[in-house]
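S.K.: Once you've had a glance at the structure underneath, I'll fire off some questions.
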Number of protein chains: 2
Amino acid sequence: MAVNVRSLVPDTRERIHDAGLTLFNARGYTGTTVRGLADACDLTPGAIYNHYASKEALLFAIVDRVHDEADAVLSETLRGAGSEPAAQLEALAAAFTAFHIARPRETRVANRDYIYLPAGEHDSVVRRRRRVRALFADVLRDGECRGAFSLGELGSDDAVQAASMAILNMVVLVAEWFDPAGPRSARDTAALHGRLALRIARGG
Amino acid sequence: MAVNVRSLVPDTRERIHDAGLTLFNARGYTGTTVRGLADACDLTPGAIYNHYASKEALLFAIVDRVHDEADAVLSETLRGAGSEPAAQLEALAAAFTAFHIARPRETRVANRDYIYLPAGEHDSVVRRRRRVRALFADVLRDGECRGAFSLGELGSDDAVQAASMAILNMVVLVAEWFDPAGPRSARDTAALHGRLALRIARGG
DNA sequence: GGCGAGTATGAACGCTCGTTCACTCCGGCG
DNA sequence: CGCCGGAGTGAACGAGCGTTCATACTCGCC
């Protein structure tokens, strides 16, 4: 059973995907040129089109994949987190933080450049993002009903939305300041975010 | 004492500034064209250059102004907040939240598109952003030393940075989800963010 | 040994970009 | 009245954009 040699050599389509990640992240989608992508892959511009139908198609492939991965992380985490809302929230915040630290380019491009997608794909991404928001909001609402959290004390009706967005924004933007070479490890930061999420939800 | 008639009529330079805000916000800096700006102002592209030396100069004017305003809000808030770290933190988070809700276009462009500034101006903006981060971190560190906060309980050395970034990210991204037509007022949301900042810093 | 599929080339396409410039227009001042 | 300077025009500039295509190379397979 011979291993296909092509799987040992870096796949061209994957190399373009990776270059897109790097360049879209650094210069933004509209600030990145197809010629720049080709240079980063040691290709000519035309060759890109053997692998992606357009620059937009590459952006969609990038954004779609990272959403698949995020969905997988979240649902797997939720499956392993038991039925206690506090444990669920802590696990979700920690796992999603670790995810964002591990994929800074992917998540930044997905969060910032999805607006350049054509209408249909744009809407599909917006829907996926909303579902992630709803997941955190549901856990908070559930915990509030069952007495595990204390959002009601905050004196604002429906503090659930604001609290869930506070947690999500803390998590999603971690890559903007986290320094892999810094003193705190990714694992430590993820755990810390888990605890901070609990503080937001219930105090103490 | 005659009022200058030009001050009654919308100043062209200001109209361009405002169109830049709207278009940079909606399409990003590189996704916005000078012709698009001119159209939005009922001008021809050439006329833009009577008021700004370049597209980059307009971006810098936008980013620089909102940073001036943010600095003013923060230092004025701090001046009126007494010497208690908890009161300072709550006031800063609330005021900065209100600021971001009031200026969604400005803050989004400043936070997202400053990367397209030429090196010198880019660095100056980075320095200003770092100063804002340092302001929140200093208040947290001060409160921690004086026993007002309990970041030490979180079991991570120097949780100050992560906590201050969590608060700042909550505040800075509020415009991404806050709906001016929604049920919760801007004032209410600002106050809520003040209380959430306290939860992050000290629990309860 | 040659065929076909997959891949890369490099020149070109039409278009749009940021910017410039010679010119016109117009209101205020001497 | 005449002129001066700021503001706007519209056409143009060179450069760079995303994309296409005829062509050529290079494999594994019959």
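We label chains A, B, ... in the order they appear in the structure tokens, count residues from 1 in each chain, and number ligands from 1 in the order shown.
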Using only C-alpha atoms, find each residue of chain B with at least one atom at most 9 Å away from an atom of chain A; report its shortest atom-to-atom pair and that distance in Å (one decimal), sort the rows by chain and rising residue number, and return the result as CSV.
M.R.:
residue,atom,partner,partner_atom,distance
B:Ala26,CA,A:Ile115,CA,8.7
B:Arg27,CA,A:Tyr116,CA,7.8
B:Gly28,CA,A:Thr30,CA,8.3
B:Tyr29,CA,A:Thr30,CA,8.7
B:Thr30,CA,A:Thr30,CA,5.7
B:Gly31,CA,A:Thr30,CA,5.8
B:Arg112,CA,A:Arg112,CA,8.1
B:Ile115,CA,A:Arg27,CA,7.9
B:Tyr116,CA,A:Arg27,CA,7.8
B:Leu154,CA,A:Leu192,CA,6.8
B:Gly155,CA,A:Leu192,CA,7.9
B:Ser156,CA,A:Leu192,CA,7.0
B:Asp157,CA,A:Arg184,CA,7.9
B:Asp158,CA,A:Arg184,CA,8.4
B:Ala159,CA,A:Leu192,CA,7.8
B:Ala162,CA,A:Thr189,CA,7.6
B:Ala163,CA,A:Leu196,CA,7.7
B:Met165,CA,A:Met170,CA,7.3
B:Ala166,CA,A:Met170,CA,4.6
B:Ile167,CA,A:Met170,CA,7.4
B:Leu168,CA,A:Met170,CA,8.3
B:Asn169,CA,A:Met170,CA,5.6
B:Met170,CA,A:Ala166,CA,4.6
B:Val171,CA,A:Ala166,CA,7.9
B:Val172,CA,A:Asn169,CA,8.9
B:Leu173,CA,A:Asn169,CA,6.8
B:Val174,CA,A:Met165,CA,8.0
B:Trp177,CA,A:Met165,CA,7.8
B:Phe178,CA,A:Ala162,CA,8.5
B:Arg184,CA,A:Asp157,CA,7.9
B:Asp188,CA,A:Ser156,CA,7.0
B:Thr189,CA,A:Ala162,CA,7.6
B:Ala191,CA,A:Ser156,CA,8.9
B:Leu192,CA,A:Leu154,CA,6.8
B:His193,CA,A:Ala162,CA,8.0
B:Arg195,CA,A:Leu154,CA,7.1
B:Leu196,CA,A:Ile200,CA,6.1
B:Ala197,CA,A:Ile200,CA,8.2
B:Leu198,CA,A:Gly203,CA,8.8
B:Arg199,CA,A:Gly203,CA,5.3
B:Ile200,CA,A:Arg199,CA,5.7
B:Ala201,CA,A:Arg199,CA,8.6
B:Arg202,CA,A:Gly204,CA,6.9
B:Gly203,CA,A:Gly204,CA,3.5
B:Gly204,CA,A:Gly203,CA,3.5
S.K.: Which polymer residues have any atom within 9 Å of an atom of B:Val160, counting only C-alpha atoms (C1' of nucleotides), with same-chain residues fewer than 6 positions away left out, as a PyMOL selection string?
M.R.: chain B and resi 137-138+140-141+144+151-152+201
S.K.: Would you export the selected residues with C-alpha atoms as a tab-separated table (two decimals), in the first residue's frame, please?
M.R.:
chain	number	residue	atom	x	y	z
B	137	ALA	CA	-4.35	48.01	33.71
B	138	ASP	CA	-3.05	50.66	36.13
B	140	LEU	CA	-6.71	47.30	38.16
B	141	ARG	CA	-3.20	46.97	39.54
B	144	GLU	CA	-5.36	44.95	43.57
B	151	LEU	CA	-7.40	39.20	40.81
B	152	GLY	CA	-4.94	37.19	42.86
B	201	ALA	CA	-12.12	42.70	38.89
S.K.: Tell me the residues of chain D close to chain A, meaning within 12 Å using only C-alpha atoms (C1' of nucleotides), as an NGL selection string.
M.R.: :D and (16-21 or 27-28)
S.K.: What does the distance from atom CA of A:Asp71 to atom CA of A:Gly182 come to in Å, to one decimal?
M.R.: 28.4 Å
S.K.: Just how far from atom CA of B:Asn111 is atom CA of A:Leu23, in Å to one decimal?
M.R.: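 Taking atom CA of A:Leu23 and atom CA of B:Asn111, their separation equals 18.7 Å.
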S.K.: So these two share a sequence; what Cα RMSD do you get laying chain B over chain A, all Cα, in order, least squares?
M.R.: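 RMSD over all C-alpha atoms: 0.1 Å.
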